[in-house]
file target39.txt (compact mmCIF, C-alpha atoms)
# COMPACT_ATOMS: atom_id res chain seq x y z
CA MET N 1 96.50 97.56 81.24
CA ASN N 2 93.86 99.85 82.75
CA ILE N 3 94.41 100.09 86.53
CA LEU N 4 91.96 101.63 88.99
CA PHE N 5 93.59 102.37 92.36
CA LEU N 6 91.81 103.43 95.57
CA THR N 7 93.76 105.11 98.37
CA ASP N 8 92.83 107.74 100.94
CA ASN N 9 96.37 109.17 100.88
CA TYR N 10 97.97 110.70 97.80
CA PRO N 11 100.31 113.63 97.09
CA PRO N 12 100.63 116.41 98.02
CA GLU N 13 100.39 114.32 101.21
CA SER N 14 103.85 112.92 101.90
CA ASN N 15 103.29 109.89 104.11
CA ALA N 16 104.39 106.41 103.06
CA PRO N 17 101.12 105.23 101.44
CA ALA N 18 100.87 108.43 99.39
CA SER N 19 104.47 108.19 98.18
CA ARG N 20 104.26 104.48 97.30
CA THR N 21 101.04 104.85 95.33
CA HIS N 22 102.20 107.93 93.44
CA GLU N 23 105.60 106.54 92.53
CA HIS N 24 104.15 103.21 91.40
CA ALA N 25 101.38 104.89 89.40
CA ARG N 26 103.83 107.23 87.72
CA GLN N 27 106.03 104.30 86.71
CA TRP N 28 103.06 102.32 85.39
CA VAL N 29 102.10 105.27 83.18
CA ALA N 30 105.70 105.57 81.98
CA ASP N 31 105.56 101.88 81.03
CA GLY N 32 102.46 102.43 78.91
CA HIS N 33 99.61 101.58 81.28
CA THR N 34 96.52 103.67 82.09
CA VAL N 35 96.11 104.57 85.77
CA THR N 36 93.22 106.23 87.60
CA VAL N 37 93.63 106.96 91.33
CA ILE N 38 90.56 107.62 93.47
CA THR N 39 91.41 109.52 96.63
CA CYS N 40 90.15 112.35 98.84
CA ALA N 41 91.15 115.97 99.32
CA PRO N 42 94.62 116.10 100.94
CA ASN N 43 94.35 116.63 104.69
CA PHE N 44 96.62 114.07 106.45
CA PRO N 45 97.60 114.09 109.29
CA ALA N 46 96.15 117.29 110.78
CA GLY N 47 92.70 116.87 109.26
CA LYS N 48 92.97 120.27 107.58
CA LEU N 49 92.68 120.87 103.86
CA TYR N 50 95.92 121.72 102.12
CA ASP N 51 96.14 125.16 100.55
CA GLY N 52 94.56 125.30 97.12
CA TYR N 53 92.22 122.31 97.66
CA LYS N 54 88.51 122.04 98.40
CA ASN N 55 86.57 119.13 99.84
CA SER N 56 84.47 118.88 96.67
CA TRP N 57 82.06 116.13 95.71
CA TYR N 58 84.06 115.14 92.65
CA THR N 59 87.11 116.55 90.87
CA ARG N 60 89.22 115.03 88.13
CA VAL N 61 92.70 116.14 87.07
CA VAL N 62 95.73 114.57 85.40
CA ASN N 63 99.10 114.75 87.19
CA ASP N 64 102.25 113.02 85.92
CA GLY N 65 100.05 111.15 83.44
CA VAL N 66 97.92 109.72 86.27
CA THR N 67 94.21 110.56 86.34
CA VAL N 68 93.48 111.65 89.92
CA VAL N 69 89.85 111.65 91.06
CA ARG N 70 89.17 113.31 94.43
CA VAL N 71 85.89 112.77 96.28
CA LYS N 72 84.23 114.50 99.22
CA THR N 73 84.76 112.86 102.63
CA TYR N 74 84.33 113.59 106.31
CA ILE N 75 87.66 115.13 107.29
CA THR N 76 89.17 114.87 110.75
CA ALA N 77 92.63 114.80 112.33
CA ASN N 78 94.55 111.52 112.55
CA GLU N 79 93.45 110.97 116.14
CA GLY N 80 90.35 109.61 117.85
CA PHE N 81 89.04 106.22 116.79
CA LEU N 82 85.39 107.12 116.18
CA LYS N 83 86.05 110.24 114.11
CA ARG N 84 88.70 108.49 112.07
CA THR N 85 86.30 105.62 111.45
CA LEU N 86 83.73 108.08 110.08
CA ASP N 87 86.47 109.48 107.86
CA TYR N 88 87.33 105.99 106.59
CA GLN N 89 83.71 105.02 106.02
CA SER N 90 82.91 108.19 104.12
CA PHE N 91 85.78 107.44 101.74
CA MET N 92 84.57 103.85 101.43
CA LEU N 93 81.16 105.10 100.26
CA MET N 94 82.38 107.88 97.99
CA GLY N 95 85.26 105.80 96.62
CA THR N 96 82.85 103.03 95.66
CA LEU N 97 80.53 105.46 93.88
CA ALA N 98 83.43 107.13 92.08
CA GLY N 99 84.80 103.74 91.04
CA MET N 100 81.52 102.99 89.30
CA ARG N 101 81.88 106.15 87.20
CA GLN N 102 85.24 105.25 85.67
CA SER N 103 85.81 103.32 82.46
CA LYS N 104 85.91 99.60 83.15
CA PRO N 105 89.38 98.71 84.49
CA ASP N 106 91.28 95.47 84.02
CA VAL N 107 91.99 95.36 87.75
CA VAL N 108 90.97 97.36 90.83
CA VAL N 109 93.54 97.85 93.59
CA ALA N 110 92.85 99.16 97.09
CA THR N 111 95.46 99.84 99.75
CA SER N 112 95.40 99.73 103.54
CA PRO N 113 96.42 100.42 106.38
CA GLN N 114 92.72 100.85 107.20
CA PHE N 115 90.45 98.31 105.55
CA PHE N 116 87.43 100.42 104.63
CA THR N 117 89.30 101.48 101.50
CA ALA N 118 89.72 97.80 100.69
CA VAL N 119 85.96 97.31 101.12
CA ALA N 120 85.44 99.95 98.43
CA GLY N 121 87.91 98.15 96.18
CA TYR N 122 86.13 94.85 96.75
CA LEU N 123 82.72 96.35 95.94
CA VAL N 124 83.96 98.02 92.76
CA GLY N 125 85.55 94.72 91.73
CA VAL N 126 82.26 92.88 92.26
CA PHE N 127 80.12 95.44 90.44
CA ARG N 128 82.54 95.85 87.54
CA ARG N 129 83.37 92.11 87.42
CA VAL N 130 87.13 92.62 87.53
CA PRO N 131 89.79 91.18 89.90
CA PHE N 132 90.18 92.93 93.26
CA VAL N 133 93.76 93.33 94.53
CA PHE N 134 94.38 94.11 98.20
CA GLU N 135 97.65 95.94 98.85
CA LEU N 136 98.40 95.21 102.50
CA ARG N 137 100.47 97.89 104.23
CA ASP N 138 99.61 97.07 107.84
CA LEU N 139 98.03 94.30 109.91
CA TRP N 140 95.04 96.42 110.80
CA PRO N 141 93.17 96.16 113.19
CA ALA N 142 95.98 94.46 115.17
CA SER N 143 97.95 97.73 115.03
CA ILE N 144 95.06 99.56 116.74
CA THR N 145 95.36 97.43 119.86
CA ALA N 146 99.18 97.35 119.67
CA VAL N 147 99.43 101.12 120.17
CA GLY N 148 96.70 101.16 122.81
CA ALA N 149 94.19 103.13 120.74
CA MET N 150 91.55 100.53 121.58
CA GLN N 151 91.24 97.43 123.72
CA SER N 152 90.17 94.10 122.28
CA GLY N 153 86.39 93.79 122.31
CA ARG N 154 83.33 93.60 120.09
CA ILE N 155 84.45 96.35 117.69
CA ILE N 156 87.89 94.85 117.21
CA ARG N 157 86.41 91.38 116.68
CA THR N 158 84.08 92.82 114.04
CA LEU N 159 87.01 94.47 112.27
CA GLU N 160 88.93 91.20 112.40
CA ARG N 161 86.05 89.41 110.67
CA LEU N 162 86.04 92.12 108.01
CA GLU N 163 89.80 91.69 107.66
CA MET N 164 89.52 87.95 107.00
CA PHE N 165 86.59 88.45 104.60
CA LEU N 166 88.70 90.81 102.47
CA TYR N 167 91.68 88.45 102.48
CA ARG N 168 89.47 85.62 101.26
CA LYS N 169 87.73 87.68 98.58
CA ALA N 170 90.85 89.29 97.12
CA ALA N 171 92.06 87.73 93.88
CA LEU N 172 95.57 88.85 94.87
CA ILE N 173 97.09 90.18 98.09
CA VAL N 174 100.23 92.33 97.85
CA PRO N 175 101.79 92.72 101.32
CA VAL N 176 104.79 94.98 101.79
CA THR N 177 106.74 92.50 103.94
CA HIS N 178 107.42 88.76 103.90
CA THR N 179 106.40 88.65 107.56
CA PHE N 180 102.91 89.79 106.60
CA LYS N 181 102.75 86.98 104.04
CA GLU N 182 103.76 84.40 106.64
CA GLU N 183 101.10 85.74 109.02
CA LEU N 184 98.38 85.44 106.36
CA ILE N 185 99.40 81.87 105.55
CA THR N 186 99.15 80.86 109.22
CA ARG N 187 95.61 82.30 109.18
CA GLY N 188 94.57 80.08 106.31
CA ILE N 189 95.11 82.33 103.28
CA LYS N 190 96.53 80.53 100.23
CA ALA N 191 100.19 81.32 99.59
CA SER N 192 99.55 81.16 95.83
CA LYS N 193 97.59 84.42 95.88
CA ILE N 194 100.09 86.40 97.95
CA VAL N 195 102.90 88.30 96.20
CA VAL N 196 105.24 90.40 98.36
CA VAL N 197 106.30 93.78 96.93
CA ARG N 198 108.38 95.62 99.47
CA ASN N 199 108.58 99.37 99.73
CA GLY N 200 111.43 101.06 97.97
CA VAL N 201 112.89 104.37 96.91
CA ASP N 202 112.68 106.58 93.84
CA LEU N 203 116.40 106.84 93.11
CA GLU N 204 115.87 109.80 90.78
CA GLN N 205 114.46 111.87 93.63
CA TYR N 206 116.34 110.50 96.65
CA ARG N 207 120.05 110.66 95.95
CA PRO N 208 123.19 112.00 97.68
CA MET N 209 123.36 115.79 97.80
CA PRO N 210 125.09 118.51 99.81
CA LYS N 211 123.41 119.77 102.95
CA ASN N 212 120.74 122.28 101.94
CA THR N 213 121.77 125.67 103.31
CA ALA N 214 118.22 127.05 103.40
CA VAL N 215 117.14 124.18 105.66
CA LEU N 216 120.21 124.65 107.87
CA ASP N 217 119.32 128.35 108.16
CA GLU N 218 115.78 127.43 109.16
CA LEU N 219 117.08 125.04 111.82
CA ASP N 220 119.93 127.30 112.96
CA ALA N 221 122.16 124.24 112.83
CA HIS N 222 124.99 124.96 110.37
CA ASP N 223 127.74 123.38 112.47
CA ALA N 224 125.66 120.63 114.05
CA PHE N 225 125.76 116.86 113.82
CA ILE N 226 122.09 116.39 112.94
CA VAL N 227 120.02 113.41 114.04
CA GLY N 228 116.72 113.42 112.15
CA TYR N 229 113.28 111.98 112.66
CA ILE N 230 111.17 112.80 109.61
CA GLY N 231 107.67 111.42 109.25
CA THR N 232 104.37 110.90 111.02
CA HIS N 233 104.39 111.65 114.74
CA GLY N 234 102.03 108.86 115.77
CA MET N 235 101.28 106.55 118.65
CA ALA N 236 103.34 103.77 117.07
CA HIS N 237 106.64 105.62 116.96
CA GLY N 238 107.75 105.87 120.57
CA LEU N 239 108.90 109.46 120.18
CA PRO N 240 108.80 110.30 123.92
CA LYS N 241 111.76 107.93 124.34
CA VAL N 242 113.61 109.73 121.55
CA ILE N 243 113.12 112.99 123.44
CA GLU N 244 114.64 111.30 126.50
CA ALA N 245 117.65 110.34 124.39
CA ALA N 246 117.96 113.94 123.22
CA ALA N 247 117.95 115.07 126.84
CA LEU N 248 120.81 112.65 127.61
CA LEU N 249 122.84 114.26 124.82
CA GLU N 250 122.09 117.90 125.55
CA SER N 251 125.56 118.47 126.97
CA THR N 252 127.06 117.20 123.70
CA ARG N 253 126.61 120.57 122.04
CA GLU N 254 127.36 119.56 118.46
CA VAL N 255 124.45 117.07 118.41
CA VAL N 256 121.05 118.43 117.34
CA PHE N 257 117.86 116.39 117.01
CA ILE N 258 115.32 117.49 114.42
CA PHE N 259 111.69 116.37 114.27
CA VAL N 260 109.84 117.09 111.04
CA GLY N 261 106.20 116.18 110.48
CA GLY N 262 102.83 116.04 112.17
CA GLY N 263 100.41 113.57 113.68
CA ALA N 264 98.47 112.53 116.74
CA GLU N 265 101.48 112.81 119.09
CA ARG N 266 102.96 116.03 117.70
CA ALA N 267 101.42 118.36 120.30
CA ALA N 268 102.57 116.14 123.17
CA LEU N 269 106.08 116.03 121.72
CA GLU N 270 106.21 119.83 121.45
CA ALA N 271 105.03 120.15 125.05
CA ASP N 272 107.65 117.67 126.24
CA VAL N 273 110.47 119.56 124.51
CA LYS N 274 109.23 122.84 125.98
CA SER N 275 108.90 121.48 129.52
CA ARG N 276 112.42 120.05 129.41
CA GLU N 277 113.79 123.31 127.90
CA LEU N 278 115.90 121.29 125.47
CA SER N 279 118.31 123.45 123.48
CA ASN N 280 119.37 120.60 121.18
CA VAL N 281 115.96 119.91 119.61
CA ARG N 282 114.51 121.63 116.53
CA LEU N 283 110.91 121.19 115.42
CA LEU N 284 109.63 121.75 111.91
CA PRO N 285 106.03 121.24 110.80
CA MET N 286 105.02 118.82 108.08
CA GLN N 287 106.74 119.71 104.80
CA PRO N 288 105.68 119.42 101.15
CA LYS N 289 106.63 116.13 99.55
CA GLU N 290 108.88 117.83 97.01
CA ARG N 291 110.96 119.29 99.84
CA MET N 292 111.70 115.93 101.48
CA PRO N 293 115.10 115.35 99.81
CA ASP N 294 116.25 118.82 100.94
CA ILE N 295 115.16 118.06 104.50
CA TRP N 296 116.83 114.65 104.50
CA SER N 297 120.03 116.16 103.08
CA VAL N 298 120.90 117.93 106.34
CA CYS N 299 120.74 114.72 108.41
CA ASP N 300 123.97 113.00 109.42
CA ILE N 301 121.93 110.15 110.94
CA ALA N 302 118.28 109.15 110.51
CA LEU N 303 116.25 107.75 113.39
CA ILE N 304 113.68 105.02 112.66
CA PRO N 305 111.91 104.24 115.95
CA LEU N 306 108.82 102.15 116.75
CA ARG N 307 107.20 101.06 119.99
CA ASN N 308 108.51 97.89 121.59
CA LYS N 309 105.49 95.80 120.58
CA PRO N 310 105.76 92.35 118.91
CA LEU N 311 103.49 93.43 116.05
CA PHE N 312 106.06 95.98 114.88
CA SER N 313 108.64 93.28 114.20
CA SER N 314 106.72 92.70 110.95
CA VAL N 315 106.94 96.33 109.79
CA ILE N 316 109.52 97.83 107.41
CA PRO N 317 109.35 101.64 107.69
CA SER N 318 109.60 103.05 104.17
CA LYS N 319 111.90 105.88 105.28
CA LEU N 320 114.64 103.23 105.54
CA PHE N 321 114.82 103.07 101.75
CA GLU N 322 114.76 106.85 101.31
CA CYS N 323 117.75 107.04 103.65
CA MET N 324 119.53 104.39 101.59
CA GLY N 325 119.00 106.43 98.45
CA MET N 326 120.36 109.56 100.15
CA GLY N 327 123.31 107.72 101.67
CA ILE N 328 122.21 108.47 105.25
CA PRO N 329 123.07 105.91 107.95
CA VAL N 330 120.13 104.89 110.12
CA ILE N 331 119.67 104.01 113.75
CA MET N 332 116.93 101.38 113.63
CA SER N 333 115.16 101.25 116.99
CA VAL N 334 112.40 98.71 116.34
CA PRO N 335 111.64 95.16 117.51
CA ALA N 336 113.85 92.53 115.87
CA GLY N 337 112.33 91.37 112.61
CA GLU N 338 112.37 92.02 108.89
CA ALA N 339 113.47 95.67 109.09
CA THR N 340 116.35 95.00 111.48
CA SER N 341 117.42 92.06 109.28
CA ILE N 342 117.72 94.40 106.29
CA VAL N 343 119.86 96.84 108.28
CA ASP N 344 122.07 94.03 109.59
CA ALA N 345 122.44 92.41 106.15
CA THR N 346 123.27 95.63 104.30
CA ARG N 347 125.20 97.26 107.17
CA CYS N 348 123.56 100.58 106.41
CA GLY N 349 123.16 101.52 110.06
CA LEU N 350 122.96 100.41 113.67
CA VAL N 351 120.20 98.44 115.38
CA VAL N 352 119.32 99.26 118.98
CA GLN N 353 116.70 98.06 121.42
CA PRO N 354 113.41 99.96 120.91
CA GLU N 355 112.24 102.48 123.50
CA ASN N 356 115.65 102.49 125.22
CA PRO N 357 116.83 106.13 125.44
CA GLN N 358 120.27 105.27 126.83
CA LYS N 359 121.14 102.83 124.03
CA LEU N 360 119.83 105.28 121.46
CA ALA N 361 121.99 108.07 122.89
CA ASP N 362 125.02 105.75 123.01
CA SER N 363 124.55 104.88 119.31
CA VAL N 364 124.44 108.57 118.37
CA ARG N 365 127.65 109.18 120.31
CA LYS N 366 129.29 106.19 118.61
CA LEU N 367 128.60 107.56 115.14
CA LEU N 368 129.57 111.08 116.17
CA ASP N 369 132.95 109.88 117.45
CA ASP N 370 133.75 107.29 114.74
CA LYS N 371 133.83 109.05 111.37
CA ALA N 372 135.29 106.00 109.65
CA LEU N 373 132.32 103.91 110.73
CA LEU N 374 129.91 106.67 109.70
CA ASP N 375 131.47 106.84 106.23
CA GLU N 376 131.35 103.05 105.89
CA LEU N 377 127.64 103.00 106.73
CA LYS N 378 126.99 105.77 104.20
CA ALA N 379 128.69 103.81 101.45
CA ASN N 380 126.81 100.65 102.39
CA ALA N 381 123.49 102.52 102.33
CA LEU N 382 124.07 103.78 98.80
CA MET N 383 125.08 100.33 97.61
CA ALA N 384 121.98 98.75 99.16
CA ALA N 385 119.61 101.29 97.60
CA GLU N 386 120.02 99.72 94.16
CA ASP N 387 118.23 96.60 95.42
CA PHE N 388 115.17 98.58 96.52
CA SER N 389 114.34 100.62 93.43
CA ARG N 390 110.72 101.83 93.42
CA GLN N 391 110.69 101.46 89.64
CA GLN N 392 111.42 97.74 89.87
CA ALA N 393 108.84 97.30 92.62
CA ALA N 394 106.19 98.89 90.39
CA ARG N 395 107.04 96.49 87.58
CA ASN N 396 106.86 93.53 89.95
CA MET N 397 103.31 94.55 90.83
CA ILE N 398 102.31 94.88 87.18
CA GLU N 399 103.65 91.40 86.51
CA ALA N 400 101.42 90.05 89.27
CA PHE N 401 98.40 91.96 87.91
CA SER N 402 99.05 90.58 84.45
CA GLU N 403 98.84 87.01 85.74
CA LEU N 404 95.35 87.79 87.07
CA THR N 405 94.06 89.11 83.76
CA LYS N 406 95.31 86.02 81.91
CA ASN N 407 93.01 83.77 83.91
call {"tool": "encode", "arguments": {"input": "target39.txt", "output": "structure tokens"}}
result
Amino acid sequence: MNILFLTDNYPPESNAPASRTHEHARQWVADGHTVTVITCAPNFPAGKLYDGYKNSWYTRVVNDGVTVVRVKTYITANEGFLKRTLDYQSFMLMGTLAGMRQSKPDVVVATSPQFFTAVAGYLVGVFRRVPFVFELRDLWPASITAVGAMQSGRIIRTLERLEMFLYRKAALIVPVTHTFKEELITRGIKASKIVVVRNGVDLEQYRPMPKNTAVLDELDAHDAFIVGYIGTHGMAHGLPKVIEAAALLESTREVVFIFVGGGAERAALEADVKSRELSNVRLLPMQPKERMPDIWSVCDIALIPLRNKPLFSSVIPSKLFECMGMGIPVIMSVPAGEATSIVDATRCGLVVQPENPQKLADSVRKLLDDKALLDELKANALMAAEDFSRQQAARNMIEAFSELTKN
């Protein structure tokens, strides 16, 4: 099968959409399929080009057997609605044009969270007369209003009409959670064209390993019980409340919180830590994707927080599965829903009320003081990881694509 995939995030970017697309594409190639990914120059989340890359009109390379086409876009930081919209729209235009230059695919796939990429996928599908598949990673634009980036109004209503248009026109929708599927069905989308493929973990890359000494040196935390938040520092994540939890635990000297990544809220987080003069917090900038297992290895506990908004009950943060693969217990601080159900069912961590610093601090103390419980959660995490293999998820998607091409 010849697959054309459009995404505005791809390695060396290390966020969840980039990792999912890369790991799926690599598996598809290993299974004998041809994959072309159309993306932009890596710049997420700071809106700055990564070293060694240019914002060129058109480049084409092959990495891991995947043909990667990068197109020129308007680049800006992951903050500010209007500038980000220009970024998205420039990729929509350039992605569509680049899609027309490729050999005719059997299927064209476009991934959210923002839907302008999906518009490009839809247009390429129409022009090339091939099925358009919409991979749904987020209920955008609902997430825009949920984090307070915009209020409901004319722009949001326009985006909602675009959202429904794309759902109707897609030959197949691949949401990453069952909750997303249920939401689409209630909005009138046929269940028969929705196939859920959850996020997962590359078990060859994310596996148990000793704490990386170089990372511990960098953090100055060799004897610490490390609580880690690794990922995008965005408006959705409720990180100010995590800082409050760190402040509650400052007198517990063996506990150290680490924050690794970048995003719209990173500067505010750094300022908060500085103003509080917290000695138990370490900050590292965004790291290369290939270094992620080494960074995760030093964590005794992983934090997975989200704002206490009903929309986020439908989200499953992909770092949950990476932690499973590494054997790292999680503290899941998100609204009750699909993600908390996975943690409860697998007993790979603790679930606490979102945006509640005291309960978060209490959970850290509990795992610090109860080594038997910590070890039990580690073992459960490793056992659960086998059910969330990225390789199997990629094959599930191919099976769904194959059904389209038979018709």
call {"tool": "atom_distance", "arguments": {"input": "target39.txt", "atom1": "atom CA of N:Leu49", "atom2": "atom CA of N:Arg291"}}
result
18.8 Å
call {"tool": "closest_residue", "arguments": {"input": "target39.txt", "among": "N:Ile301, N:Val352, N:Ile230, N:Ala18", "to": "N:Pro285", "atoms": "only C-alpha atoms"}}
result
N:Ile230
call {"tool": "closest_residue", "arguments": {"input": "target39.txt", "among": "N:Pro335, N:Pro329, N:Pro310, N:Pro105", "to": "N:Leu367", "atoms": "all atoms listed in the file"}}
result
N:Pro329
call {"tool": "atom_distance", "arguments": {"input": "target39.txt", "atom1": "atom CA of N:Cys348", "atom2": "atom CA of N:Pro240"}}
result
24.9 Å
call {"tool": "atom_distance", "arguments": {"input": "target39.txt", "atom1": "atom CA of N:Asp375", "atom2": "atom CA of N:Leu350"}}
result
13.0 Å
call {"tool": "closest_residue", "arguments": {"input": "target39.txt", "among": "N:Ala247, N:Val107, N:Cys40, N:Val196", "to": "N:Asn2", "atoms": "all atoms listed in the file"}}
result
N:Val107
call {"tool": "residues_around", "arguments": {"input": "target39.txt", "residues": "N:Ala118", "least_positions_apart": "4", "cutoff": "8 Å", "atoms": "all atoms listed in the file", "output": "list in words"}}
result
Leu6, Met92, Ala110, Thr111, Ser112, Gln114, Tyr122, Phe134 and Leu166 of chain N
call {"tool": "closest_residue", "arguments": {"input": "target39.txt", "among": "N:Leu249, N:Val68, N:Ile185, N:Cys299", "to": "N:Asp223", "atoms": "only C-alpha atoms"}}
result
N:Cys299
call {"tool": "closest_residue", "arguments": {"input": "target39.txt", "among": "N:Leu123, N:Val195, N:Leu269, N:Val364", "to": "N:Thr252", "atoms": "all atoms listed in the file"}}
result
N:Val364
call {"tool": "closest_residue", "arguments": {"input": "target39.txt", "among": "N:Lys309, N:Pro42, N:Ile173, N:Leu284", "to": "N:Glu355", "atoms": "all atoms listed in the file"}}
result
N:Lys309
call {"tool": "residues_around", "arguments": {"input": "target39.txt", "residues": "N:Ser313", "least_positions_apart": "2", "cutoff": "7 Å", "atoms": "only C-alpha atoms", "output": "number ranges by chain"}}
result
N: 310-311, 315, 334-338
call {"tool": "residues_around", "arguments": {"input": "target39.txt", "residues": "stretch 393-398 of chain N", "least_positions_apart": "4", "cutoff": "9 Å", "atoms": "all atoms listed in the file", "output": "MDAnalysis selection string"}}
result
chainID N and resid 1 23:25 27:28 31 174 195:200 388:389 402:403
call {"tool": "residues_around", "arguments": {"input": "target39.txt", "residues": "N:Leu306", "least_positions_apart": "3", "cutoff": "12 Å", "atoms": "all atoms listed in the file", "output": "mmCIF file with C-alpha atoms, in the coordinates of the input"}}
result
data_model
loop_
_atom_site.group_PDB
_atom_site.id
_atom_site.type_symbol
_atom_site.label_atom_id
_atom_site.label_comp_id
_atom_site.auth_asym_id
_atom_site.auth_seq_id
_atom_site.Cartn_x
_atom_site.Cartn_y
_atom_site.Cartn_z
ATOM 1 C CA SER N 143 97.950 97.730 115.030
ATOM 2 C CA ALA N 146 99.180 97.350 119.670
ATOM 3 C CA VAL N 147 99.430 101.120 120.170
ATOM 4 C CA TYR N 229 113.280 111.980 112.660
ATOM 5 C CA GLY N 231 107.670 111.420 109.250
ATOM 6 C CA THR N 232 104.370 110.900 111.020
ATOM 7 C CA HIS N 233 104.390 111.650 114.740
ATOM 8 C CA GLY N 234 102.030 108.860 115.770
ATOM 9 C CA MET N 235 101.280 106.550 118.650
ATOM 10 C CA ALA N 236 103.340 103.770 117.070
ATOM 11 C CA HIS N 237 106.640 105.620 116.960
ATOM 12 C CA GLY N 238 107.750 105.870 120.570
ATOM 13 C CA LEU N 239 108.900 109.460 120.180
ATOM 14 C CA PRO N 240 108.800 110.300 123.920
ATOM 15 C CA LYS N 241 111.760 107.930 124.340
ATOM 16 C CA VAL N 242 113.610 109.730 121.550
ATOM 17 C CA LEU N 303 116.250 107.750 113.390
ATOM 18 C CA LYS N 309 105.490 95.800 120.580
ATOM 19 C CA PRO N 310 105.760 92.350 118.910
ATOM 20 C CA LEU N 311 103.490 93.430 116.050
ATOM 21 C CA PHE N 312 106.060 95.980 114.880
ATOM 22 C CA SER N 313 108.640 93.280 114.200
ATOM 23 C CA SER N 314 106.720 92.700 110.950
ATOM 24 C CA VAL N 315 106.940 96.330 109.790
ATOM 25 C CA ILE N 316 109.520 97.830 107.410
ATOM 26 C CA PRO N 317 109.350 101.640 107.690
ATOM 27 C CA ILE N 331 119.670 104.010 113.750
ATOM 28 C CA MET N 332 116.930 101.380 113.630
ATOM 29 C CA SER N 333 115.160 101.250 116.990
ATOM 30 C CA VAL N 334 112.400 98.710 116.340
ATOM 31 C CA PRO N 335 111.640 95.160 117.510
ATOM 32 C CA ALA N 336 113.850 92.530 115.870
ATOM 33 C CA ALA N 339 113.470 95.670 109.090
ATOM 34 C CA THR N 340 116.350 95.000 111.480
ATOM 35 C CA VAL N 352 119.320 99.260 118.980
ATOM 36 C CA GLN N 353 116.700 98.060 121.420
ATOM 37 C CA PRO N 354 113.410 99.960 120.910
ATOM 38 C CA GLU N 355 112.240 102.480 123.500
ATOM 39 C CA ASN N 356 115.650 102.490 125.220
#
call {"tool": "residues_around", "arguments": {"input": "target39.txt", "residues": "N:Gly188", "least_positions_apart": "5", "cutoff": "12 Å", "atoms": "only C-alpha atoms", "output": "MDAnalysis selection string"}}
result
chainID N and resid 164:165 167:168 181:183 193:194
call {"tool": "residues_near_point", "arguments": {"input": "target39.txt", "point": "(123.5, 99.3, 97.6)", "cutoff": "10 Å", "atoms": "all atoms listed in the file", "output": "PyMOL selection string"}}
result
chain N and resi 324-325+327+346-348+378-388
